[in-house]
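Structure file target_2.csv (CSV, C-alpha atoms and all ligand atoms) is printed below.
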```
chain,number,residue,atom,x,y,z
A,1,THR,CA,161.1,-43.0,223.2
A,2,TYR,CA,163.7,-41.4,221.0
A,3,THR,CA,162.2,-43.3,218.0
A,4,ASN,CA,158.8,-42.2,219.0
A,5,MET,CA,159.8,-38.6,219.2
A,6,ARG,CA,161.4,-38.9,215.7
A,7,SER,CA,158.3,-40.2,214.1
A,8,ILE,CA,156.1,-37.5,215.7
A,9,GLN,CA,158.5,-34.9,214.4
A,10,GLU,CA,158.6,-36.4,210.9
A,11,HIS,CA,154.8,-36.6,210.9
A,12,GLY,CA,154.6,-33.0,211.8
A,13,GLU,CA,156.9,-32.0,209.1
A,14,MET,CA,155.0,-34.0,206.5
A,15,LYS,CA,151.8,-32.3,207.6
A,16,ILE,CA,153.4,-28.8,207.2
A,17,GLU,CA,154.7,-29.7,203.8
A,18,GLN,CA,151.3,-31.0,202.8
A,19,ARG,CA,149.7,-27.7,203.9
A,20,ILE,CA,152.3,-25.7,202.0
A,21,ASP,CA,151.6,-27.7,198.9
A,22,GLU,CA,147.9,-27.2,199.3
A,23,ALA,CA,148.3,-23.4,199.7
A,24,VAL,CA,150.7,-23.2,196.8
A,25,ALA,CA,148.8,-25.3,194.3
A,26,PRO,CA,146.2,-22.6,193.3
A,27,LEU,CA,149.1,-20.1,192.9
A,28,ARG,CA,150.9,-22.5,190.6
A,29,GLU,CA,147.8,-22.8,188.6
A,30,LYS,CA,147.4,-19.1,188.3
A,31,ILE,CA,151.0,-18.7,187.2
A,32,ARG,CA,150.4,-21.4,184.5
A,33,ASP,CA,147.3,-19.4,183.3
A,34,LEU,CA,149.3,-16.2,183.2
A,35,GLU,CA,152.1,-17.8,181.3
A,36,GLN,CA,149.7,-19.2,178.8
A,37,SER,CA,148.0,-15.8,178.3
A,38,PHE,CA,151.4,-14.1,177.8
A,39,SER,CA,152.4,-16.6,175.1
A,40,GLN,CA,149.0,-16.1,173.4
A,41,LYS,CA,149.0,-17.4,169.9
A,42,TYR,CA,147.8,-14.9,167.3
A,43,PRO,CA,146.1,-16.2,164.2
A,44,PRO,CA,148.8,-17.0,161.6
A,45,VAL,CA,150.1,-13.9,159.8
A,46,LYS,CA,151.9,-14.0,156.5
A,47,PHE,CA,155.2,-12.2,156.2
A,48,LEU,CA,155.2,-9.4,153.8
A,49,SER,CA,158.3,-7.5,152.7
A,50,GLU,CA,158.4,-3.8,153.5
A,51,LYS,CA,157.6,-3.1,149.9
A,52,ASP,CA,154.4,-5.1,149.9
A,53,ARG,CA,153.2,-4.3,153.4
A,54,LYS,CA,150.5,-1.7,153.5
A,55,ARG,CA,149.6,0.5,156.3
A,56,ILE,CA,145.8,0.4,156.6
A,57,LEU,CA,143.4,2.3,158.7
A,58,ILE,CA,140.0,0.9,159.2
A,59,THR,CA,137.4,3.1,160.8
A,60,GLY,CA,134.7,1.1,162.4
A,61,GLY,CA,137.2,-1.8,162.4
A,62,ALA,CA,135.8,-3.2,165.6
A,63,GLY,CA,132.4,-3.6,164.1
A,64,PHE,CA,130.8,-6.5,162.3
A,65,VAL,CA,132.2,-6.2,158.8
A,66,GLY,CA,135.1,-4.0,159.8
A,67,SER,CA,136.5,-6.7,162.2
A,68,HIS,CA,136.4,-9.4,159.5
A,69,LEU,CA,138.2,-7.0,157.2
A,70,THR,CA,140.7,-6.4,159.9
A,71,ASP,CA,141.3,-10.2,160.2
A,72,LYS,CA,141.7,-10.6,156.5
A,73,LEU,CA,144.2,-7.8,156.1
A,74,MET,CA,146.1,-8.8,159.3
A,75,MET,CA,146.4,-12.4,158.1
A,76,ASP,CA,147.6,-11.1,154.7
A,77,GLY,CA,150.5,-9.5,156.6
A,78,HIS,CA,149.5,-5.8,156.5
A,79,GLU,CA,149.7,-3.3,159.3
A,80,VAL,CA,146.2,-2.5,160.5
A,81,THR,CA,145.1,0.5,162.6
A,82,VAL,CA,141.5,0.1,163.8
A,83,VAL,CA,139.7,3.3,164.8
A,84,ASP,CA,136.4,2.8,166.6
A,85,ASN,CA,134.3,4.8,169.0
A,86,PHE,CA,132.8,1.5,170.3
A,87,PHE,CA,129.3,2.9,169.9
A,88,THR,CA,128.4,-0.4,168.3
A,89,GLY,CA,131.8,-1.9,167.6
A,90,ARG,CA,133.2,-4.2,170.4
A,91,LYS,CA,136.7,-4.7,171.6
A,92,ARG,CA,135.9,-8.4,171.7
A,93,ASN,CA,135.7,-8.5,167.9
A,94,VAL,CA,139.4,-7.6,167.6
A,95,GLU,CA,140.8,-8.7,171.0
A,96,HIS,CA,142.7,-11.6,169.3
A,97,TRP,CA,145.0,-9.0,167.7
A,98,ILE,CA,145.7,-6.9,170.7
A,99,GLY,CA,149.4,-6.8,171.4
A,100,HIS,CA,150.3,-8.0,167.9
A,101,GLU,CA,153.1,-5.9,166.4
A,102,ASN,CA,151.2,-5.2,163.2
A,103,PHE,CA,148.0,-4.1,165.1
A,104,GLU,CA,146.9,-0.8,166.7
A,105,LEU,CA,143.6,0.0,168.3
A,106,ILE,CA,142.5,3.6,168.7
A,107,ASN,CA,139.4,4.7,170.6
A,108,HIS,CA,138.3,7.7,168.5
A,109,ASP,CA,135.1,9.1,167.0
A,110,VAL,CA,135.7,10.0,163.4
A,111,VAL,CA,133.4,13.1,163.8
A,112,GLU,CA,136.5,14.6,165.4
A,113,PRO,CA,139.5,15.1,163.1
A,114,LEU,CA,142.1,12.4,163.3
A,115,TYR,CA,145.7,13.6,163.1
A,116,ILE,CA,147.1,10.1,163.1
A,117,GLU,CA,150.1,11.1,161.0
A,118,ALA,CA,151.2,13.4,163.8
A,119,PHE,CA,151.7,10.8,166.4
A,120,SER,CA,152.5,7.9,164.3
A,121,PRO,CA,156.2,8.4,163.6
A,122,PRO,CA,157.4,7.5,167.1
A,123,LEU,CA,155.1,4.5,167.0
A,124,VAL,CA,156.6,3.4,163.7
A,125,THR,CA,160.1,4.2,164.8
A,126,SER,CA,159.9,2.1,168.0
A,127,GLN,CA,158.4,-0.9,166.4
A,128,TYR,CA,160.1,-1.1,163.0
A,129,GLY,CA,163.2,0.8,163.5
A,130,PHE,CA,162.2,3.6,161.2
A,131,CYS,CA,163.5,7.0,161.5
A,132,GLY,CA,163.1,10.1,159.4
A,133,GLY,CA,159.7,11.2,160.6
A,134,SER,CA,156.8,12.4,158.6
A,135,GLN,CA,158.5,12.2,155.2
A,136,LEU,CA,159.1,8.5,155.5
A,137,LEU,CA,155.8,8.0,157.1
A,138,ALA,CA,154.0,9.7,154.3
A,139,ASN,CA,155.6,7.3,151.9
A,140,ARG,CA,154.5,4.4,154.0
A,141,TRP,CA,151.0,5.7,154.2
A,142,THR,CA,150.6,5.9,150.5
A,143,ARG,CA,148.6,2.8,150.3
A,144,SER,CA,145.1,2.5,151.6
A,145,ILE,CA,142.6,3.8,154.0
A,146,THR,CA,139.3,2.2,154.5
A,147,TRP,CA,136.3,3.9,155.9
A,148,ARG,CA,133.2,2.2,157.0
A,149,LEU,CA,129.7,3.5,157.2
A,150,PRO,CA,128.1,3.3,160.6
A,151,PRO,CA,126.0,0.7,162.3
A,152,LEU,CA,123.1,-1.5,162.0
A,153,LEU,CA,119.5,-0.3,161.6
A,154,PRO,CA,118.3,0.2,165.2
A,155,ASN,CA,121.6,1.9,166.1
A,156,TYR,CA,121.5,4.5,163.4
A,157,MET,CA,117.9,5.2,163.9
A,158,TYR,CA,118.6,5.7,167.6
A,159,ASN,CA,120.4,8.9,166.9
A,160,PRO,CA,119.9,10.0,163.3
A,161,ILE,CA,121.8,13.3,163.8
A,162,LYS,CA,124.8,11.4,165.0
A,163,THR,CA,124.5,9.1,162.0
A,164,LEU,CA,124.4,12.1,159.7
A,165,LYS,CA,127.4,13.7,161.3
A,166,THR,CA,129.4,10.4,161.1
A,167,ASN,CA,128.6,10.1,157.4
A,168,THR,CA,129.3,13.7,156.5
A,169,ILE,CA,131.8,15.1,158.9
A,170,GLY,CA,133.4,11.7,159.4
A,171,THR,CA,133.8,11.2,155.7
A,172,LEU,CA,135.2,14.7,155.4
A,173,ASN,CA,137.7,14.0,158.1
A,174,MET,CA,138.8,10.8,156.5
A,175,LEU,CA,139.0,12.4,153.1
A,176,GLY,CA,141.3,15.1,154.7
A,177,LEU,CA,143.5,12.5,156.3
A,178,ALA,CA,143.7,10.5,153.0
A,179,LYS,CA,144.6,13.6,151.2
A,180,ARG,CA,147.3,14.6,153.7
A,181,VAL,CA,149.0,11.3,153.7
A,182,GLY,CA,148.4,10.5,150.0
A,183,ALA,CA,146.4,7.4,150.7
A,184,ARG,CA,143.6,5.7,148.7
A,185,LEU,CA,140.2,5.8,150.4
A,186,LEU,CA,137.5,3.1,150.1
A,187,LEU,CA,134.1,4.4,151.0
A,188,ALA,CA,131.9,1.5,152.1
A,189,SER,CA,128.5,2.7,151.0
A,190,THR,CA,125.2,0.9,151.3
A,191,SER,CA,122.5,-0.6,149.1
A,192,GLU,CA,120.1,1.6,151.1
A,193,VAL,CA,121.0,4.4,148.7
A,194,TYR,CA,118.8,2.8,146.2
A,195,GLY,CA,115.8,3.3,148.5
A,196,GLY,CA,112.7,1.2,148.5
A,197,GLU,CA,110.5,3.1,146.1
A,198,GLY,CA,111.3,0.9,143.1
A,199,VAL,CA,112.5,4.0,141.2
A,200,GLU,CA,114.6,3.3,138.1
A,201,VAL,CA,117.6,5.6,138.2
A,202,ARG,CA,120.2,6.4,135.7
A,203,VAL,CA,123.2,8.5,136.6
A,204,ALA,CA,125.1,10.5,134.0
A,205,ARG,CA,128.5,12.1,134.9
A,206,ILE,CA,128.6,15.0,132.5
A,207,PHE,CA,132.0,16.4,131.6
A,208,ASN,CA,132.6,19.9,130.2
A,209,THR,CA,130.0,20.6,127.5
A,210,PHE,CA,129.4,23.6,125.2
A,211,GLY,CA,127.1,24.6,122.4
A,212,SER,CA,124.3,27.0,121.4
A,213,ARG,CA,121.9,28.3,124.1
A,214,MET,CA,124.7,28.6,126.7
A,215,HIS,CA,124.0,31.7,128.8
A,216,MET,CA,126.1,34.7,127.9
A,217,ASN,CA,126.8,35.1,131.5
A,218,ASP,CA,127.7,31.4,132.0
A,219,GLY,CA,131.3,32.3,132.8
A,220,ARG,CA,132.6,29.0,131.5
A,221,VAL,CA,135.6,29.2,129.3
A,222,VAL,CA,134.0,28.5,125.9
A,223,SER,CA,131.3,31.1,126.1
A,224,ASN,CA,133.8,33.6,127.6
A,225,PHE,CA,136.4,33.1,124.9
A,226,ILE,CA,133.9,33.2,122.0
A,227,LEU,CA,132.2,36.4,123.3
A,228,GLN,CA,135.5,38.0,123.9
A,229,ALA,CA,136.9,37.1,120.5
A,230,LEU,CA,133.7,38.2,118.7
A,231,GLN,CA,134.0,41.7,120.2
A,232,GLY,CA,137.8,42.1,120.0
A,233,GLU,CA,138.2,41.9,123.7
A,234,PRO,CA,141.1,40.2,125.3
A,235,LEU,CA,140.7,36.5,125.9
A,236,THR,CA,141.0,36.0,129.7
A,237,VAL,CA,143.2,33.0,130.5
A,238,TYR,CA,143.3,32.1,134.1
A,239,GLY,CA,146.8,31.0,135.2
A,240,SER,CA,149.3,29.9,132.6
A,241,GLY,CA,146.7,28.2,130.5
A,242,SER,CA,148.5,24.9,130.7
A,243,GLN,CA,145.6,23.3,132.5
A,244,THR,CA,143.6,21.0,130.3
A,245,ARG,CA,140.0,20.3,129.6
A,246,ALA,CA,138.2,18.1,127.1
A,247,PHE,CA,135.0,19.6,125.7
A,248,GLN,CA,132.0,17.8,124.2
A,249,TYR,CA,129.4,19.3,121.9
A,250,VAL,CA,125.9,19.4,123.4
A,251,SER,CA,124.4,17.1,120.7
A,252,ASP,CA,126.8,14.3,121.6
A,253,LEU,CA,125.9,14.6,125.2
A,254,VAL,CA,122.1,14.5,124.4
A,255,ASN,CA,122.6,11.3,122.4
A,256,GLY,CA,124.5,9.8,125.3
A,257,LEU,CA,121.8,10.8,127.7
A,258,VAL,CA,119.1,9.1,125.6
A,259,LEU,CA,121.1,5.9,125.2
A,260,LEU,CA,121.7,5.8,128.9
A,261,MET,CA,118.1,6.4,129.7
A,262,ASN,CA,117.1,3.5,127.5
A,263,SER,CA,119.7,1.2,129.0
A,264,ASN,CA,119.5,-0.8,132.2
A,265,ILE,CA,122.7,0.6,133.7
A,266,SER,CA,121.9,2.0,137.1
A,267,SER,CA,125.5,2.9,138.0
A,268,PRO,CA,127.1,6.2,137.0
A,269,VAL,CA,128.3,6.6,133.4
A,270,ASN,CA,130.8,9.2,132.2
A,271,LEU,CA,129.7,11.3,129.2
A,272,GLY,CA,132.3,13.5,127.7
A,273,ASN,CA,134.7,14.0,124.8
A,274,PRO,CA,138.1,12.6,125.6
A,275,GLU,CA,139.9,15.0,123.2
A,276,GLU,CA,142.0,17.0,125.7
A,277,HIS,CA,143.5,20.4,125.1
A,278,THR,CA,145.2,23.1,127.2
A,279,ILE,CA,143.1,26.2,127.8
A,280,LEU,CA,145.7,28.2,125.9
A,281,GLU,CA,145.2,26.0,122.9
A,282,PHE,CA,141.4,26.6,123.2
A,283,ALA,CA,142.1,30.4,123.4
A,284,ARG,CA,144.2,30.3,120.2
A,285,LEU,CA,141.8,28.0,118.4
A,286,ILE,CA,138.7,30.1,119.2
A,287,LYS,CA,140.5,33.2,118.2
A,288,SER,CA,141.4,31.8,114.8
A,289,LEU,CA,138.0,30.3,114.2
A,290,VAL,CA,136.3,33.6,115.0
A,291,SER,CA,138.7,35.4,112.6
A,292,LYS,CA,137.9,33.0,109.9
A,293,ALA,CA,134.1,33.2,110.5
A,294,SER,CA,134.2,37.0,110.5
A,295,ASP,CA,135.8,36.9,107.0
A,296,ARG,CA,132.6,35.2,105.8
A,297,SER,CA,130.2,37.3,107.8
A,298,LYS,CA,129.0,40.8,107.3
A,299,TYR,CA,128.1,41.1,110.9
A,300,MET,CA,131.4,40.1,112.5
A,301,SER,CA,134.5,42.2,112.6
A,302,LEU,CA,137.9,40.5,112.5
A,303,SER,CA,139.0,39.4,115.9
A,304,ARG,CA,141.8,41.5,117.2
A,305,SER,CA,141.7,39.9,120.6
A,306,GLN,CA,144.9,39.5,122.5
A,307,ILE,CA,145.4,36.8,125.1
A,308,GLN,CA,145.4,38.2,128.6
A,309,PHE,CA,146.8,36.1,131.5
A,310,LEU,CA,144.9,36.6,134.8
A,311,PRO,CA,145.7,35.0,138.2
A,312,GLU,CA,145.1,31.3,138.4
A,313,ALA,CA,141.6,30.4,139.6
A,314,GLN,CA,141.5,28.9,143.1
A,315,ASP,CA,141.3,25.0,143.2
A,316,ASP,CA,141.3,24.9,139.4
A,317,PRO,CA,141.8,21.2,138.4
A,318,GLN,CA,145.0,21.0,136.3
A,319,ARG,CA,143.7,18.2,134.2
A,320,ARG,CA,140.4,16.8,133.2
A,321,ARG,CA,139.6,14.2,130.6
A,322,PRO,CA,136.8,11.7,130.7
A,323,ASP,CA,137.3,7.9,130.6
A,324,ILE,CA,134.3,6.9,128.4
A,325,ARG,CA,135.1,3.2,128.0
A,326,LYS,CA,132.0,2.3,130.0
A,327,ALA,CA,129.7,4.4,127.8
A,328,ASN,CA,131.4,3.0,124.8
A,329,MET,CA,131.1,-0.6,125.8
A,330,MET,CA,127.7,-0.6,127.4
A,331,LEU,CA,125.9,2.0,125.3
A,332,GLY,CA,127.9,1.9,122.1
A,333,TRP,CA,128.3,5.6,122.5
A,334,GLU,CA,131.1,8.0,121.6
A,335,PRO,CA,131.1,11.7,120.7
A,336,VAL,CA,131.1,12.3,116.9
A,337,VAL,CA,131.1,16.1,116.5
A,338,PRO,CA,134.6,17.4,115.8
A,339,LEU,CA,135.7,20.2,118.2
A,340,GLU,CA,136.0,22.8,115.4
A,341,GLU,CA,132.6,22.0,114.0
A,342,GLY,CA,131.0,22.4,117.4
A,343,LEU,CA,132.9,25.6,118.1
A,344,ASN,CA,131.9,27.1,114.7
A,345,LYS,CA,128.2,26.4,115.5
A,346,THR,CA,128.6,28.0,118.9
A,347,ILE,CA,130.4,31.0,117.4
A,348,GLN,CA,127.4,31.5,115.0
A,349,TYR,CA,125.0,31.2,117.9
A,350,PHE,CA,126.8,33.8,120.0
A,351,SER,CA,127.2,36.2,117.1
A,352,ARG,CA,123.5,36.1,116.5
A,353,GLU,CA,122.8,36.6,120.2
A,354,LEU,CA,125.0,39.7,120.2
A,355,GLU,CA,122.7,41.2,117.5
A,356,HIS,CA,119.8,40.9,119.9
A,357,GLN,CA,121.6,42.7,122.7
A,358,ALA,CA,120.5,46.3,123.3
A,359,ASN,CA,123.9,47.8,122.1
A,360,ASN,CA,125.1,44.7,120.3
A,361,GLN,CA,127.5,44.2,123.1
A,362,TYR,CA,128.0,41.7,125.9
A,363,ILE,CA,131.4,41.6,127.4
A,364,PRO,CA,131.8,38.8,130.0
A,365,LYS,CA,133.4,39.9,133.1
A,366,PRO,CA,136.3,37.7,133.9
A,367,LYS,CA,136.2,36.2,137.3
A,368,ALA,CA,139.1,37.3,139.4
A,369,ALA,CA,140.8,34.4,141.2
A,370,ARG,CA,139.4,35.8,144.5
A,371,MET,CA,135.9,35.6,143.2
A,372,LYS,CA,136.3,32.0,142.1
A,373,LYS,CA,137.4,31.1,145.6
A,374,GLY,CA,134.7,29.3,147.5
A,375,ARG,CA,132.8,28.6,144.4
A,376,PRO,CA,131.3,25.1,144.9
A,377,ARG,CA,133.1,22.6,142.8
A,378,HIS,CA,131.6,19.1,142.4
A,379,ASN,CA,134.3,17.5,140.4
B,401,LIG,O1,130.8,22.3,132.7
B,401,LIG,C1,131.3,21.5,133.6
B,401,LIG,O2,131.1,20.3,133.5
B,401,LIG,C2,132.0,22.1,134.7
B,401,LIG,O3,132.1,23.5,134.6
B,401,LIG,C3,132.9,24.1,135.6
B,401,LIG,O4,134.2,23.4,135.6
B,401,LIG,P1,135.4,24.0,134.8
B,401,LIG,O5,136.1,22.9,134.2
B,401,LIG,O6,136.2,24.9,135.7
B,401,LIG,O7,134.8,24.9,133.6
B,401,LIG,P2,135.2,26.3,133.1
B,401,LIG,O8,134.7,27.3,134.0
B,401,LIG,O9,134.7,26.4,131.7
B,401,LIG,O10,136.8,26.4,133.1
B,401,LIG,C4,137.6,25.6,132.3
B,401,LIG,C5,139.0,26.1,132.4
B,401,LIG,O11,139.2,27.3,131.7
B,401,LIG,C6,139.7,28.3,132.6
B,401,LIG,N1,139.0,29.6,132.2
B,401,LIG,C7,137.7,29.8,132.4
B,401,LIG,C8,137.1,31.0,132.0
B,401,LIG,C9,137.9,32.0,131.5
B,401,LIG,O12,137.5,33.1,131.1
B,401,LIG,N2,139.2,31.8,131.4
B,401,LIG,C10,139.8,30.6,131.7
B,401,LIG,O13,141.0,30.4,131.6
B,401,LIG,C11,139.4,27.8,134.0
B,401,LIG,O14,140.3,28.4,134.9
B,401,LIG,C12,139.5,26.3,133.8
B,401,LIG,O15,140.8,25.9,133.9
B,401,LIG,C13,132.2,23.9,136.9
B,401,LIG,O16,133.1,24.4,137.9
B,401,LIG,C14,132.0,22.4,137.2
B,401,LIG,O17,131.3,22.3,138.4
B,401,LIG,C15,131.2,21.8,136.0
B,401,LIG,O18,131.1,20.5,136.2
```
Would you mind writing the file's structure down as structure tokens?
Amino acid sequence: TYTNMRSIQEHGEMKIEQRIDEAVAPLREKIRDLEQSFSQKYPPVKFLSEKDRKRILITGGAGFVGSHLTDKLMMDGHEVTVVDNFFTGRKRNVEHWIGHENFELINHDVVEPLYIEAFSPPLVTSQYGFCGGSQLLANRWTRSITWRLPPLLPNYMYNPIKTLKTNTIGTLNMLGLAKRVGARLLLASTSEVYGGEGVEVRVARIFNTFGSRMHMNDGRVVSNFILQALQGEPLTVYGSGSQTRAFQYVSDLVNGLVLLMNSNISSPVNLGNPEEHTILEFARLIKSLVSKASDRSKYMSLSRSQIQFLPEAQDDPQRRRPDIRKANMMLGWEPVVPLEEGLNKTIQYFSRELEHQANNQYIPKPKAARMKKGRPRHN
């Protein structure tokens, strides 16, 4: 009987153990799954030294092309921040990077400003041991920012106004961010811009140009200085006059335009004269050319003009000089009219124009810095 009781008891214990095992098995499986998901393997990422590692922002980075770009840049070893409003982008497209130390995902609509530099320092500090805040961050941001156009056809037709806003305000916001952090911006445009009308287009980027038939009231520097010098008025230099420009004579431009029109280049081509001078140099040169011309002319009086320094014009580019290698290589074009020759022709033109004026006088009114403010600039 004792042996019988023992065997009944052991049997019972075995049964209980079996039940426990049965109950625990699914839990063990769950734990295994969880462990696996924690030790998730990311796609292989190259190691880049701090010097070579770029910090890259990709708007629309959870979309079709953007997510592939994200993959490439992550695998190349860069730090990638994806910004997406998930209108058409999907988390699924980038989920394999979530949690990776080089990866950030931000749910944000670029139509709203993105002050990413403001909240980034702690983020950078905690992950990479950086300190020093925005200064250091700005240095680390120098590299690139990518910006993608919005979605596929049915999506952008679905809400055209939103599409317009994303392209305009969104681009503006990204330009602002790039400017603030000193980054390079890549605008991913689209072949759609060429349209479907089969129109042959040529695009000339015209740099500062002067010559006869300029309006007296043009307000640009060459016409202003010539008219002022011809009438013994002070030459109005905005700012210190150390800003530079490169001026082409109008006949050179026209030759370039004709060559471009006859070419098959449909991308933009710079047309300008790369000979660069400071505005002060222009002022002195024009003054001396007008003096020489007046020696030879019975109409002109010797230029007694002084140089008058006025406040700097708002947003005045400090330097501008065209790179005309493309026009040179593809059109065989380069400017041929020397600056002095072009200026002399223009001086002749304006002095004759003055004779036609009611009182033989036209004094250009210098634009005060305040008046230049808000003037649309497209360069
Ligand atoms: O002709 C052009 O291609 C360009 O002319 C102007 O551009 P900007 O380079 O400012 O031309 P100007 O107004 O002639 O000024 C040239 C420089 O001379 C200075 N300036 C102008 C006039 C003046 O009386 N005094 C003077 O010092 C300006 O501040 C500027 O630094 C327009 O703003 C551009 O949009 C246009 O593309």
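Ranking A:His356, A:Arg321, A:Lys162, A:Arg32 by their shortest atom-to-atom distance to ligand LIG 401 (chain B), with all atoms listed in the file included, puts A:Arg321 first.
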May I have the residues within 12 Å of A:Leu354 as a PyMOL selection string, using all atoms listed in the file and disregarding those fewer than 6 positions away in the same chain? chain A and resi 215-216+226-228+230-231+299-300+347-348+360-364
For A:Tyr42, work out the shell of residues within 9 Å, counting all atoms listed in the file and skipping chain neighbours fewer than 5 positions away, then give it as a count of residues only. 4
Find the distance between atom CA of A:Leu235 and atom CA of A:Ser251 and write it in Å to one decimal. 25.9 Å
Using only C-alpha atoms, which protein or nucleic acid residues come within 10 Å of A:Glu50? Drop anything in the same chain fewer than 3 positions from it, and give the result as a ChimeraX atom specification. /A:47,53-54,78,140
Identify the residues around (127.6, 10.9, 128.2) within a radius of 6 Å, measuring from all atoms listed in the file in the coordinates stated by the file, and give them as a ChimeraX atom specification. /A:253,256-257,270-272
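One distance worth recording is that between atom C3 of ligand LIG 401 (chain B) and atom CA of A:Val269, which is 18.2 Å.
Around A:Leu175, within 10 Å and counting all atoms listed in the file, the residues found are Ile145, Trp147, Ile169, Gly170, Thr171, Lys179, Arg180, Ala183, Arg184, Leu185, Leu186 and Leu187 of chain A, once anything fewer than 4 positions away on its own chain is removed.
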For A:Ala229, list every protein, DNA or RNA residue within 7 Å, evaluated using only C-alpha atoms, and leave out those in the same chain fewer than 3 positions away; present the list as a ChimeraX atom specification. /A:225-226,232-233,235,287,290,303,305
Report the distance between atom CA of A:Gly342 and atom CA of A:Arg245 in Å, rounded to one decimal place.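 Atom-to-atom, atom CA of A:Gly342 and atom CA of A:Arg245 are spaced 15.3 Å apart.
Shortest atom-to-atom contact with ligand LIG 401 (chain B) among A:Ser267, A:Thr236, A:Gln248, A:Thr278: A:Thr236, counting only C-alpha atoms and all ligand atoms.
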Ranking A:Asp295, A:Asp315, A:Glu355, A:Asp252 by minimum distance to ligand LIG 401 (chain B) and counting only C-alpha atoms and all ligand atoms, which one comes first?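 Between A:Asp295, A:Asp315, A:Glu355, A:Asp252, the residue approaching ligand LIG 401 (chain B) most closely is A:Asp315.
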Rank A:Gly241, A:Pro322, A:Pro43, A:Pro338 by their smallest atom-to-atom distance to ligand LIG 401 (chain B), using all atoms listed in the file, and report the top residue only. A:Gly241
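Across A:Asn167, A:Gln314, A:Ser7, A:Gln36, the tightest approach to ligand LIG 401 (chain B) is made by A:Gln314 when counting all atoms listed in the file.
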Any chance you could build stretch 333-348 of chain A out to N, CA and C atoms and write it as a JSON list (two decimals), in the coordinates of the input?
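See part.json below for the written result:
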```
[["chain", "number", "residue", "atom", "x", "y", "z"],
["A", 333, "TRP", "N", 128.26, 4.18, 122.73],
["A", 333, "TRP", "CA", 128.30, 5.60, 122.50],
["A", 333, "TRP", "C", 129.67, 6.19, 122.43],
["A", 334, "GLU", "N", 129.86, 7.14, 121.55],
["A", 334, "GLU", "CA", 131.10, 8.00, 121.60],
["A", 334, "GLU", "C", 130.75, 9.30, 120.92],
["A", 335, "PRO", "N", 131.42, 10.37, 121.30],
["A", 335, "PRO", "CA", 131.10, 11.70, 120.70],
["A", 335, "PRO", "C", 131.55, 11.65, 119.21],
["A", 336, "VAL", "N", 130.77, 12.31, 118.37],
["A", 336, "VAL", "CA", 131.10, 12.30, 116.90],
["A", 336, "VAL", "C", 131.31, 13.70, 116.36],
["A", 337, "VAL", "N", 130.91, 14.76, 117.10],
["A", 337, "VAL", "CA", 131.10, 16.10, 116.50],
["A", 337, "VAL", "C", 132.50, 16.60, 116.76],
["A", 338, "PRO", "N", 133.23, 16.88, 115.66],
["A", 338, "PRO", "CA", 134.60, 17.40, 115.80],
["A", 338, "PRO", "C", 134.58, 18.74, 116.55],
["A", 339, "LEU", "N", 135.62, 18.98, 117.34],
["A", 339, "LEU", "CA", 135.70, 20.20, 118.20],
["A", 339, "LEU", "C", 135.46, 21.47, 117.32],
["A", 340, "GLU", "N", 136.15, 21.55, 116.16],
["A", 340, "GLU", "CA", 136.00, 22.80, 115.40],
["A", 340, "GLU", "C", 134.62, 23.00, 114.87],
["A", 341, "GLU", "N", 133.97, 21.90, 114.46],
["A", 341, "GLU", "CA", 132.60, 22.00, 114.00],
["A", 341, "GLU", "C", 131.67, 22.54, 115.09],
["A", 342, "GLY", "N", 131.81, 21.96, 116.28],
["A", 342, "GLY", "CA", 131.00, 22.40, 117.40],
["A", 342, "GLY", "C", 131.28, 23.85, 117.76],
["A", 343, "LEU", "N", 132.56, 24.22, 117.73],
["A", 343, "LEU", "CA", 132.90, 25.60, 118.10],
["A", 343, "LEU", "C", 132.33, 26.57, 117.04],
["A", 344, "ASN", "N", 132.41, 26.20, 115.74],
["A", 344, "ASN", "CA", 131.90, 27.10, 114.70],
["A", 344, "ASN", "C", 130.37, 27.30, 114.89],
["A", 345, "LYS", "N", 129.64, 26.24, 115.23],
["A", 345, "LYS", "CA", 128.20, 26.40, 115.50],
["A", 345, "LYS", "C", 127.95, 27.33, 116.65],
["A", 346, "THR", "N", 128.79, 27.18, 117.67],
["A", 346, "THR", "CA", 128.60, 28.00, 118.90],
["A", 346, "THR", "C", 128.97, 29.46, 118.59],
["A", 347, "ILE", "N", 129.97, 29.65, 117.74],
["A", 347, "ILE", "CA", 130.40, 31.00, 117.40],
["A", 347, "ILE", "C", 129.19, 31.69, 116.61],
["A", 348, "GLN", "N", 128.58, 30.93, 115.67],
["A", 348, "GLN", "CA", 127.40, 31.50, 115.00],
["A", 348, "GLN", "C", 126.32, 31.86, 115.94]]
```
